[in-house]
$ cat protein.cif   # mmCIF, C-alpha atoms and all ligand atoms
data_entry
#
loop_
_atom_site.label_atom_id
_atom_site.label_comp_id
_atom_site.auth_asym_id
_atom_site.auth_seq_id
_atom_site.Cartn_x
_atom_site.Cartn_y
_atom_site.Cartn_z
CA MET T 153 0.00 0.00 0.00
CA GLN T 154 1.29 3.43 -0.97
CA LYS T 155 2.02 5.76 1.96
CA PHE T 156 2.02 9.53 2.06
CA ASN T 157 3.15 12.10 4.60
CA SER T 158 -0.04 14.11 4.24
CA VAL T 159 -3.34 14.28 2.38
CA GLU T 160 -1.92 17.25 0.41
CA GLU T 161 0.97 15.11 -0.81
CA LEU T 162 -1.49 12.33 -1.68
CA VAL T 163 -3.76 14.59 -3.72
CA ASN T 164 -0.92 16.29 -5.55
CA THR T 165 0.72 12.96 -6.41
CA VAL T 166 -2.29 10.82 -7.28
CA GLN T 167 -4.77 13.49 -8.44
CA PRO T 168 -7.53 10.94 -7.90
CA VAL T 169 -10.61 11.01 -10.12
CA ASP T 170 -12.46 8.59 -7.81
CA PRO T 171 -12.74 8.83 -4.04
CA VAL T 172 -9.77 7.61 -2.02
CA TYR T 173 -9.68 6.53 1.58
CA CYS T 174 -7.03 7.34 4.12
CA ILE T 175 -5.94 5.23 7.04
CA ARG T 176 -3.83 6.84 9.75
CA PRO T 177 -1.90 4.13 11.58
CA ASN T 178 -0.78 6.63 14.21
CA SER T 179 -4.37 7.39 15.18
CA ILE T 180 -5.19 3.72 15.61
CA LYS T 181 -2.07 3.22 17.70
CA SER T 182 -2.77 6.16 20.00
CA ALA T 183 -6.40 5.13 20.54
CA CYS T 184 -5.38 1.54 21.33
CA SER T 185 -2.63 2.57 23.68
CA TRP T 186 -5.00 4.99 25.43
CA PHE T 187 -7.48 2.18 26.05
CA LYS T 188 -4.75 -0.21 27.13
CA SER T 189 -3.41 2.19 29.70
CA HIS T 190 -6.80 3.37 31.01
CA PHE T 191 -9.31 0.53 30.85
CA PRO T 192 -9.00 -1.78 33.89
CA GLY T 193 -9.66 -5.06 32.10
CA ASN T 194 -9.73 -6.90 28.80
CA ILE T 195 -10.27 -4.99 25.58
CA LEU T 196 -11.96 -6.59 22.57
CA TYR T 197 -12.06 -4.79 19.24
CA ALA T 198 -15.53 -4.88 17.63
CA VAL T 199 -14.54 -6.05 14.16
CA LYS T 200 -17.66 -4.82 12.35
CA THR T 201 -16.62 -1.20 12.93
CA ASN T 202 -13.80 -1.46 10.42
CA PRO T 203 -12.65 -4.89 9.22
CA ASN T 204 -10.04 -3.54 6.80
CA GLU T 205 -6.98 -5.82 7.01
CA ARG T 206 -4.60 -2.89 7.59
CA VAL T 207 -6.77 -1.58 10.38
CA ILE T 208 -7.00 -4.90 12.21
CA LYS T 209 -3.26 -5.37 11.74
CA TYR T 210 -2.50 -2.07 13.48
CA ILE T 211 -4.96 -2.91 16.24
CA ALA T 212 -3.34 -6.28 16.86
CA GLU T 213 0.14 -4.73 16.70
CA SER T 214 -0.97 -2.28 19.35
CA GLY T 215 -1.61 -5.21 21.66
CA ILE T 216 -5.37 -5.65 21.30
CA GLU T 217 -5.60 -9.26 20.19
CA LYS T 218 -9.08 -10.16 21.33
CA PHE T 219 -11.92 -9.60 18.91
CA ASP T 220 -15.67 -9.22 19.18
CA VAL T 221 -17.06 -10.91 16.08
CA ALA T 222 -20.63 -11.21 14.86
CA SER T 223 -20.51 -13.50 11.83
CA ILE T 224 -18.70 -16.52 10.48
CA ASN T 225 -16.95 -14.35 7.89
CA GLU T 226 -15.60 -12.02 10.56
CA ILE T 227 -14.36 -15.12 12.38
CA LYS T 228 -12.61 -16.37 9.23
CA LEU T 229 -11.05 -12.95 8.59
CA ILE T 230 -9.56 -12.69 12.08
CA GLN T 231 -8.51 -16.33 12.19
CA LYS T 232 -6.69 -15.96 8.85
CA ASN T 233 -4.82 -12.85 9.98
CA PHE T 234 -4.21 -13.69 13.64
CA PRO T 235 -4.54 -17.43 14.20
CA LYS T 236 -3.67 -17.12 17.88
CA SER T 237 -6.15 -14.42 18.81
CA ARG T 238 -9.23 -15.07 20.93
CA LEU T 239 -12.61 -14.62 19.26
CA TYR T 240 -15.80 -13.72 21.10
CA TYR T 241 -18.97 -14.50 19.15
CA MET T 242 -21.10 -11.78 20.75
CA ASN T 243 -23.97 -11.58 18.28
CA THR T 244 -26.99 -12.85 20.22
CA VAL T 245 -28.63 -14.25 17.07
CA LYS T 246 -26.59 -16.88 15.24
CA SER T 247 -27.44 -19.78 12.98
CA ARG T 248 -26.89 -23.29 14.30
CA GLU T 249 -24.51 -24.01 11.42
CA HIS T 250 -22.35 -20.98 12.19
CA ILE T 251 -22.19 -21.77 15.92
CA LYS T 252 -21.08 -25.29 15.08
CA GLU T 253 -18.48 -24.16 12.56
CA SER T 254 -17.11 -21.50 14.91
CA TYR T 255 -16.76 -23.96 17.79
CA PHE T 256 -15.36 -26.96 15.94
CA ASN T 257 -13.33 -25.28 13.18
CA TYR T 258 -12.28 -21.97 14.68
CA ASN T 259 -11.93 -22.73 18.35
CA VAL T 260 -14.52 -20.15 19.48
CA ARG T 261 -15.51 -20.73 23.11
CA ASP T 262 -17.19 -17.45 24.04
CA PHE T 263 -20.78 -16.87 22.99
CA ALA T 264 -23.45 -14.32 23.88
CA PHE T 265 -27.19 -14.90 23.99
CA ASP T 266 -30.32 -13.16 25.23
CA THR T 267 -32.97 -15.88 24.98
CA LYS T 268 -33.44 -19.46 26.14
CA ASP T 269 -33.83 -20.58 22.52
CA GLU T 270 -30.44 -19.18 21.54
CA LEU T 271 -28.80 -20.82 24.57
CA GLN T 272 -30.39 -24.13 23.59
CA LYS T 273 -29.02 -23.69 20.08
CA ILE T 274 -25.50 -23.03 21.40
CA ILE T 275 -25.63 -26.12 23.62
CA GLU T 276 -26.90 -28.39 20.86
CA ALA T 277 -24.66 -27.02 18.09
CA THR T 278 -21.55 -27.54 20.26
CA ASN T 279 -22.61 -31.09 21.24
CA ASN T 280 -23.07 -30.16 24.88
CA ALA T 281 -19.59 -28.75 25.14
CA LYS T 282 -18.27 -28.33 28.67
CA ASP T 283 -15.78 -25.59 27.91
CA LEU T 284 -18.09 -22.73 26.94
CA ASN T 285 -17.98 -19.19 28.28
CA LEU T 286 -21.55 -17.94 28.05
CA PHE T 287 -22.50 -14.27 28.21
CA VAL T 288 -26.04 -13.15 29.02
CA ARG T 289 -26.64 -9.85 27.26
CA VAL T 290 -28.90 -7.55 29.23
CA SER T 291 -30.84 -4.74 27.60
CA ILE T 292 -30.33 -1.39 29.29
CA SER T 293 -31.40 2.13 28.46
CA ASN T 294 -29.65 3.58 25.39
CA GLU T 295 -31.00 7.05 26.13
CA HIS T 296 -27.67 8.85 25.75
CA ALA T 297 -26.62 7.12 22.53
CA GLU T 298 -26.83 8.45 18.99
CA ILE T 299 -27.58 4.92 17.79
CA ASP T 300 -29.97 2.88 19.94
CA LEU T 301 -29.45 -0.89 20.07
CA SER T 302 -31.66 -1.68 23.07
CA GLN T 303 -34.78 -2.63 21.12
CA LYS T 304 -33.01 -5.20 19.00
CA PHE T 305 -30.70 -6.91 21.51
CA GLY T 306 -30.63 -7.89 25.15
CA ALA T 307 -32.85 -9.65 27.65
CA LEU T 308 -34.92 -7.62 30.07
CA PRO T 309 -33.27 -7.65 33.50
CA SER T 310 -36.20 -9.75 34.79
CA GLU T 311 -35.58 -12.37 32.06
CA ALA T 312 -31.83 -12.25 32.60
CA LEU T 313 -32.20 -13.83 36.06
CA GLY T 314 -33.45 -17.11 34.60
CA LEU T 315 -30.99 -17.01 31.72
CA LEU T 316 -28.05 -16.55 34.07
CA ARG T 317 -29.18 -19.56 36.14
CA LEU T 318 -29.49 -21.66 32.99
CA ALA T 319 -26.11 -20.51 31.70
CA LYS T 320 -24.51 -21.38 35.04
CA ALA T 321 -25.72 -24.96 34.63
CA HIS T 322 -24.10 -25.35 31.20
CA ALA T 323 -21.06 -23.10 31.09
CA SER T 324 -17.49 -23.36 32.15
CA LYS T 325 -17.54 -19.61 32.85
CA ILE T 326 -20.30 -17.05 32.73
CA GLY T 327 -20.50 -13.38 31.94
CA LEU T 328 -23.00 -10.56 31.94
CA SER T 329 -22.88 -7.96 29.23
CA PHE T 330 -24.68 -4.89 27.94
CA HIS T 331 -24.28 -2.24 25.26
CA VAL T 332 -25.10 1.40 26.03
CA GLY T 333 -25.68 2.16 22.32
CA SER T 334 -23.21 3.63 19.86
CA GLN T 335 -21.67 7.10 20.31
CA CYS T 336 -22.84 7.24 23.92
CA MET T 337 -22.74 10.87 24.99
CA HIS T 338 -22.87 10.41 28.78
CA PRO T 339 -20.75 8.18 31.09
CA ILE T 340 -23.74 7.65 33.37
CA SER T 341 -25.09 5.06 30.93
CA TYR T 342 -22.24 2.74 31.92
CA SER T 343 -22.87 3.11 35.63
CA LYS T 344 -26.59 2.46 35.11
CA GLY T 345 -25.69 -0.69 33.18
CA ILE T 346 -23.25 -1.92 35.83
CA LYS T 347 -25.80 -1.24 38.60
CA GLU T 348 -28.38 -3.27 36.67
CA LEU T 349 -25.93 -6.17 36.46
CA GLY T 350 -25.29 -5.73 40.20
CA ASN T 351 -29.02 -6.21 40.88
CA ILE T 352 -29.05 -9.39 38.82
CA ILE T 353 -26.04 -10.71 40.75
CA LYS T 354 -27.72 -9.94 44.08
CA LYS T 355 -30.98 -11.60 43.10
CA THR T 356 -29.46 -14.76 41.65
CA LYS T 357 -26.52 -14.96 44.07
CA ILE T 358 -24.55 -16.10 41.05
CA MET T 359 -21.14 -14.52 40.73
CA PRO T 360 -20.20 -13.98 37.07
CA ASP T 361 -16.64 -14.52 35.91
CA PHE T 362 -16.91 -11.57 33.51
CA ILE T 363 -18.64 -8.22 33.42
CA ASN T 364 -18.61 -6.88 29.89
CA VAL T 365 -19.52 -3.21 29.47
CA GLY T 366 -19.62 -3.48 25.67
CA GLY T 367 -18.89 -0.69 23.21
CA GLY T 368 -20.44 2.73 22.80
CA PHE T 369 -17.40 4.80 23.81
CA PRO T 370 -17.75 7.99 21.79
CA SER T 371 -15.61 9.76 19.27
CA VAL T 372 -15.83 13.49 18.59
CA TYR T 373 -17.81 15.11 15.75
CA PRO T 374 -18.38 18.80 15.08
CA ASP T 375 -21.75 18.77 16.85
CA LEU T 376 -21.12 15.82 19.20
CA ASN T 377 -18.44 16.75 21.69
CA PRO T 378 -18.54 14.26 24.55
CA GLN T 379 -16.88 14.50 27.95
CA PRO T 380 -13.28 13.29 28.03
CA LEU T 381 -12.98 9.49 27.81
CA GLU T 382 -11.26 9.56 31.22
CA ASN T 383 -14.68 10.34 32.73
CA TYR T 384 -16.18 7.22 31.16
CA ILE T 385 -13.45 5.05 32.60
CA SER T 386 -13.65 6.57 36.07
CA GLU T 387 -17.44 6.16 36.09
CA ILE T 388 -17.03 2.48 35.17
CA LYS T 389 -14.34 1.91 37.83
CA LYS T 390 -16.32 3.68 40.54
CA THR T 391 -19.58 1.80 39.92
CA PHE T 392 -17.80 -1.51 39.51
CA ASN T 393 -15.98 -1.08 42.85
CA ASN T 394 -19.23 -0.03 44.54
CA LEU T 395 -20.79 -3.40 43.71
CA LYS T 396 -18.60 -4.70 46.55
CA LEU T 397 -18.48 -8.24 45.20
CA GLU T 398 -16.50 -10.70 47.31
CA LYS T 399 -14.89 -12.23 44.21
CA LYS T 400 -14.22 -9.60 41.55
CA PRO T 401 -15.28 -10.58 38.04
CA GLU T 402 -12.97 -9.68 35.19
CA LEU T 403 -13.99 -6.47 33.44
CA MET T 404 -14.23 -6.42 29.66
CA CYS T 405 -15.13 -3.86 27.00
CA GLU T 406 -15.75 -4.00 23.26
CA PRO T 407 -14.94 -0.59 21.75
CA GLY T 408 -15.37 -0.10 18.03
CA ARG T 409 -15.90 3.53 17.12
CA ALA T 410 -13.57 4.94 19.80
CA LEU T 411 -10.62 2.92 18.53
CA VAL T 412 -10.89 3.71 14.84
CA ALA T 413 -13.23 6.64 14.04
CA GLU T 414 -10.55 9.28 13.83
CA SER T 415 -8.14 7.09 11.88
CA GLY T 416 -10.15 7.21 8.67
CA SER T 417 -11.08 9.90 6.19
CA SER T 418 -12.25 10.14 2.61
CA ILE T 419 -10.86 12.39 -0.07
CA VAL T 420 -13.63 13.36 -2.44
CA ARG T 421 -13.84 15.67 -5.44
CA VAL T 422 -16.40 18.23 -6.43
CA VAL T 423 -18.02 17.16 -9.71
CA LEU T 424 -20.52 20.00 -9.93
CA ARG T 425 -21.54 22.96 -7.83
CA LYS T 426 -25.13 24.26 -7.77
CA LYS T 427 -25.02 27.27 -5.44
CA GLN T 428 -24.70 25.76 -1.92
CA LYS T 429 -25.11 22.20 -3.16
CA LEU T 430 -21.90 20.33 -3.89
CA TYR T 431 -22.24 17.19 -6.02
CA ILE T 432 -19.29 15.02 -5.06
CA ASN T 433 -17.95 11.65 -6.21
CA ASP T 434 -18.78 9.73 -3.00
CA GLY T 435 -21.97 9.47 -0.99
CA THR T 436 -24.18 7.48 1.34
CA TYR T 437 -23.85 4.33 -0.80
CA GLY T 438 -20.10 4.80 -0.55
CA SER T 439 -18.14 5.75 2.53
CA LEU T 440 -20.52 8.47 3.73
CA PHE T 441 -23.46 6.45 5.08
CA ASP T 442 -23.31 8.11 8.50
CA ALA T 443 -23.60 11.57 6.96
CA GLY T 444 -26.89 10.50 5.34
CA VAL T 445 -29.82 9.23 7.34
CA PRO T 446 -28.11 9.14 10.77
CA SER T 447 -27.15 12.75 9.87
CA PHE T 448 -23.75 12.87 11.50
CA VAL T 449 -22.09 16.20 10.82
CA LEU T 450 -18.55 15.44 9.68
CA PRO T 451 -15.53 17.75 9.77
CA THR T 452 -14.54 18.76 6.26
CA LYS T 453 -11.65 20.73 4.83
CA MET T 454 -10.55 21.75 1.39
CA ILE T 455 -7.24 20.28 0.26
CA PRO T 456 -5.30 23.01 -1.54
CA SER T 457 -4.09 21.74 -4.90
CA GLY T 458 -2.57 24.75 -6.58
CA ARG T 459 -5.57 27.04 -6.24
CA VAL T 460 -6.11 29.93 -3.87
CA THR T 461 -8.63 29.12 -1.19
CA SER T 462 -10.95 31.86 -0.03
CA LYS T 463 -10.76 32.75 3.66
CA LYS T 464 -14.50 33.32 3.65
CA LEU T 465 -16.42 30.22 4.67
CA THR T 466 -19.94 29.12 3.82
CA SER T 467 -22.19 26.14 4.60
CA TYR T 468 -22.79 23.52 1.95
CA SER T 469 -24.85 20.37 1.64
CA LEU T 470 -23.32 17.42 -0.17
CA TYR T 471 -24.92 15.20 -2.79
CA GLY T 472 -23.52 11.78 -3.70
CA PRO T 473 -22.96 10.41 -7.21
CA THR T 474 -25.84 7.91 -7.45
CA CYS T 475 -29.24 8.67 -8.92
CA ASP T 476 -31.06 8.14 -5.61
CA SER T 477 -32.40 11.16 -3.74
CA ILE T 478 -31.46 9.76 -0.32
CA ASP T 479 -27.83 9.95 -1.46
CA TYR T 480 -27.69 13.34 0.22
CA MET T 481 -25.78 14.67 3.20
CA LYS T 482 -27.35 17.60 4.92
CA GLY T 483 -24.35 18.81 6.89
CA PRO T 484 -23.78 21.70 7.26
CA PHE T 485 -20.31 21.28 5.78
CA VAL T 486 -18.41 24.51 6.36
CA LEU T 487 -15.91 25.22 3.58
CA PRO T 488 -14.37 28.08 1.58
CA ASN T 489 -16.98 29.98 -0.41
CA ASN T 490 -15.11 29.78 -3.71
CA LEU T 491 -15.26 25.99 -4.17
CA LYS T 492 -15.72 24.75 -7.72
CA GLU T 493 -15.59 21.68 -9.91
CA GLY T 494 -12.38 19.69 -9.50
CA ASP T 495 -11.64 20.81 -5.94
CA TYR T 496 -10.64 18.15 -3.44
CA LEU T 497 -12.15 17.86 0.03
CA GLU T 498 -11.16 15.74 2.96
CA ILE T 499 -14.04 14.44 5.06
CA GLY T 500 -12.86 13.28 8.48
CA GLN T 501 -14.02 10.98 11.28
CA LEU T 502 -14.78 8.16 8.86
CA GLY T 503 -12.75 5.34 10.36
CA ALA T 504 -15.83 3.71 11.91
CA TYR T 505 -18.83 2.29 10.04
CA SER T 506 -17.77 3.75 6.74
CA LEU T 507 -15.37 1.81 4.50
CA THR T 508 -17.27 -1.34 5.33
CA PHE T 509 -20.62 0.14 4.23
CA ARG T 510 -19.59 0.82 0.62
CA THR T 511 -21.83 -0.65 -2.08
CA LYS T 512 -21.49 -0.89 -5.85
CA PHE T 513 -24.89 0.73 -6.40
CA ASN T 514 -25.14 2.54 -9.71
CA GLY T 515 -21.62 1.51 -10.64
CA PHE T 516 -19.90 3.82 -8.19
CA TYR T 517 -17.28 2.09 -6.09
CA SER T 518 -13.73 2.92 -5.21
CA ASP T 519 -11.24 0.72 -3.45
CA GLN T 520 -8.22 3.02 -3.44
CA ILE T 521 -6.93 3.05 0.11
CA PHE T 522 -3.74 4.78 1.22
CA GLU T 523 -1.91 5.32 4.48
CA VAL T 524 -1.18 8.86 5.54
CA ASN T 525 0.99 10.11 8.35
CA ASP T 526 -0.42 13.53 9.19
CA LYS T 527 -2.84 14.33 11.99
CA PRO T 528 -6.57 13.60 11.71
CA ILE T 529 -8.93 16.58 11.35
CA MET T 530 -10.37 15.99 14.84
CA SER T 531 -9.19 13.86 17.75
CA MET T 532 -10.38 12.66 21.15
CA TYR T 533 -6.82 11.74 22.04
CA ASN T 534 -5.00 14.86 20.94
CA LYS T 535 -6.66 17.90 22.49
CA ASP T 536 -4.60 20.35 20.38
CA ILE T 537 -6.50 19.46 17.25
CA LEU T 538 -9.89 19.00 18.87
CA SER T 539 -11.41 22.41 18.91
CA SER T 540 -11.32 24.20 15.57
CA TYR T 541 -14.06 22.18 13.89
CA LEU T 542 -16.49 22.11 16.80
CA VAL T 543 -19.85 23.80 16.29
CA ALA T 544 -20.17 26.28 19.16
C1 LIG T 601 -21.25 -2.76 17.42
C2 LIG T 601 -20.88 -3.44 18.67
C3 LIG T 601 -19.83 -2.95 19.46
C4 LIG T 601 -19.05 -1.71 19.12
O1 LIG T 601 -19.84 -0.59 19.34
P1 LIG T 601 -19.23 0.91 19.25
O2 LIG T 601 -20.40 1.76 19.54
O3 LIG T 601 -18.71 1.09 17.87
O4 LIG T 601 -18.16 1.00 20.27
C5 LIG T 601 -19.49 -3.66 20.60
N1 LIG T 601 -20.17 -4.77 20.97
C6 LIG T 601 -21.20 -5.27 20.24
C7 LIG T 601 -21.87 -6.50 20.70
C8 LIG T 601 -21.60 -4.61 19.08
O5 LIG T 601 -22.61 -5.09 18.37
#
$ encode --input "protein.cif" --output "structure tokens" --more "lines below"
Ligand SMILES: *Cc1c(COP(=O)(O)O)cnc(C)c1O
Amino acid sequence: MQKFNSVEELVNTVQPVDPVYCIRPNSIKSACSWFKSHFPGNILYAVKTNPNERVIKYIAESGIEKFDVASINEIKLIQKNFPKSRLYYMNTVKSREHIKESYFNYNVRDFAFDTKDELQKIIEATNNAKDLNLFVRVSISNEHAEIDLSQKFGALPSEALGLLRLAKAHASKIGLSFHVGSQCMHPISYSKGIKELGNIIKKTKIMPDFINVGGGFPSVYPDLNPQPLENYISEIKKTFNNLKLEKKPELMCEPGRALVAESGSSIVRVVLRKKQKLYINDGTYGSLFDAGVPSFVLPTKMIPSGRVTSKKLTSYSLYGPTCDSIDYMKGPFVLPNNLKEGDYLEIGQLGAYSLTFRTKFNGFYSDQIFEVNDKPIMSMYNKDILSSYLVA
């Protein structure tokens, strides 16, 4: 893979007609090392967030070698790249065939479930295996998250009591888990989740081996500026210690977005300007899904390529290349007011849930991916470059 010192160098060298994607290894490394030095337990990378082979390589090289996987293909991908890593099959809805294949062919021992039927499936598909680690996923409020997962996954706390008892009877080790929802904007969600697990432990008098606080750790976007990640960790530590359990379970987390969001960006080109509407060569069927219906505002800058940029800024909306009207990104994207056809833009904060969402709809698809060494447009881990793109 070609590497560049900066996006400017990339644009001036390649002059790409189609969108190109940037991976910043340094951003991945600093996010991983931040988590490793702050989170008091095991860290699993949620592979769905960005399964690019370069990205998972940098994650593993940073010392995170446990992976939260949700499908047999994610299992195969990780197994092929890191045969010694531990895989946690945390999707609570799996086919019998995939459970069987994961257990017998890929050595998966950790499974999550949120119903009796799924537990039954796991037991049968593994031939009554005695070496399973079973995680009961509990549904908790996702009120502070930008993306709510609580309606789709998790047992109600009242149902979790019975599930934990059943799991205890079949498992080698047991865990309790939850997910606060993605891009969780308040640390209190984690303490509410841990307290809920504490109630389940008290009622069942079953001591879990693992408490898994899931993903949801936020990144920063122009209009979503969360508290420092330190606050999330201290909230988790405080509530966990307050459970006052005689035998401490092992803590686990499954960050996705927080490890990779700021490591990725897209370089797009203006194909046509209609007043404040910029028609660009990538869109919601490409790497910009999150800027579409979920309406994330993304930090955007013009990449100078031999043309004088106006100091005056204006707000644009972006339109993707396909013929579908939902291929539209409301923004606002704040950029120089003299943009025109041929100009290059960098759209940041696209390391999570972006590359992996690209489709070939309408014949638009680009797979040009480069590494760059400059700083990301925004960062949770480097406060110096945090502020300038924030919406007041
Ligand atoms: C998606 C997912 C994650 C990662 O979530 P982020 O919000 O990206 O941190 C973690 N665990 C499970 C089970 C998931 O489905």
$ closest_atom_pairs --input "protein.cif" --of "chain T" --to "ligand LIG 601 (chain T)" --cutoff "9 Å" --atoms "all atoms listed in the file" --output "CSV"
residue,atom,partner,partner_atom,distance
T:Leu196,CA,T:LIG601,C5,8.3
T:Tyr197,CA,T:LIG601,C5,7.6
T:Ala198,CA,T:LIG601,C4,5.0
T:Val199,CA,T:LIG601,C4,8.0
T:Lys200,CA,T:LIG601,C1,6.5
T:Thr201,CA,T:LIG601,O3,5.8
T:Asp220,CA,T:LIG601,N1,6.6
T:Val221,CA,T:LIG601,C7,8.0
T:Ala222,CA,T:LIG601,O5,7.3
T:Tyr241,CA,T:LIG601,C7,8.6
T:Met242,CA,T:LIG601,C7,5.3
T:Asn243,CA,T:LIG601,C7,6.0
T:Thr244,CA,T:LIG601,C7,8.2
T:Ala264,CA,T:LIG601,C7,8.6
T:Arg289,CA,T:LIG601,C7,8.8
T:Ala297,CA,T:LIG601,O2,8.7
T:Ile299,CA,T:LIG601,O2,8.0
T:Leu301,CA,T:LIG601,O5,8.2
T:Phe305,CA,T:LIG601,O5,8.9
T:Ser329,CA,T:LIG601,C7,8.7
T:Phe330,CA,T:LIG601,C7,7.9
T:His331,CA,T:LIG601,N1,6.5
T:Val332,CA,T:LIG601,O2,8.0
T:Gly333,CA,T:LIG601,O2,6.0
T:Ser334,CA,T:LIG601,O2,3.4
T:Gln335,CA,T:LIG601,O2,5.5
T:Cys336,CA,T:LIG601,O2,7.4
T:Val365,CA,T:LIG601,N1,8.7
T:Gly366,CA,T:LIG601,N1,4.9
T:Gly367,CA,T:LIG601,O4,3.5
T:Gly368,CA,T:LIG601,O2,3.4
T:Phe369,CA,T:LIG601,O4,5.2
T:Pro370,CA,T:LIG601,O2,7.1
T:Cys405,CA,T:LIG601,C5,7.7
T:Glu406,CA,T:LIG601,C5,4.6
T:Pro407,CA,T:LIG601,O4,3.9
T:Gly408,CA,T:LIG601,O3,3.5
T:Arg409,CA,T:LIG601,O3,3.8
T:Ala410,CA,T:LIG601,O4,6.1
T:Leu411,CA,T:LIG601,O4,8.0
T:Val412,CA,T:LIG601,O3,8.8
T:Ala413,CA,T:LIG601,O3,8.7
T:Ala504,CA,T:LIG601,O3,7.1
T:Tyr505,CA,T:LIG601,O3,7.9
$ closest_residue --input "protein.cif" --among "T:Pro446, T:Gly500, T:Gly350, T:Pro171" --to "Gly472 of chain T" --atoms "all atoms listed in the file"
T:Pro171
$ atom_distance --input "protein.cif" --atom1 "atom CA of Val169 of chain T" --atom2 "atom CA of Asn433 of chain T"
8.3 Å
$ closest_residue --input "protein.cif" --among "T:Val524, T:Ile211, T:Ile275, T:Leu502" --to "Met153 of chain T" --atoms "only C-alpha atoms"
T:Val524
$ residues_around --input "protein.cif" --residues "Ala307 of chain T" --least-positions-apart "6" --cutoff "9 Å" --atoms "all atoms listed in the file" --output "VMD selection string"
chain T and resid 265 to 267 288 to 292 315
$ residues_near_point --input "protein.cif" --point "(-16.4, 3.2, 39.4)" --cutoff "12 Å" --atoms "all atoms listed in the file" --output "PyMOL selection string"
chain T and resi 191-192+339-340+342-347+382-396+403
$ atom_distance --input "protein.cif" --atom1 "atom CA of Asn233 of chain T" --atom2 "atom CA of Ile180 of chain T"
17.5 Å
$ atom_distance --input "protein.cif" --atom1 "atom CA of Lys282 of chain T" --atom2 "atom CA of Glu398 of chain T"
25.7 Å
$ residues_around --input "protein.cif" --residues "segment 477-493 of chain T" --least-positions-apart "2" --cutoff "8 Å" --atoms "only C-alpha atoms" --output "PyMOL selection string"
chain T and resi 421-425+435-437+443-445+447-454+461-475+495
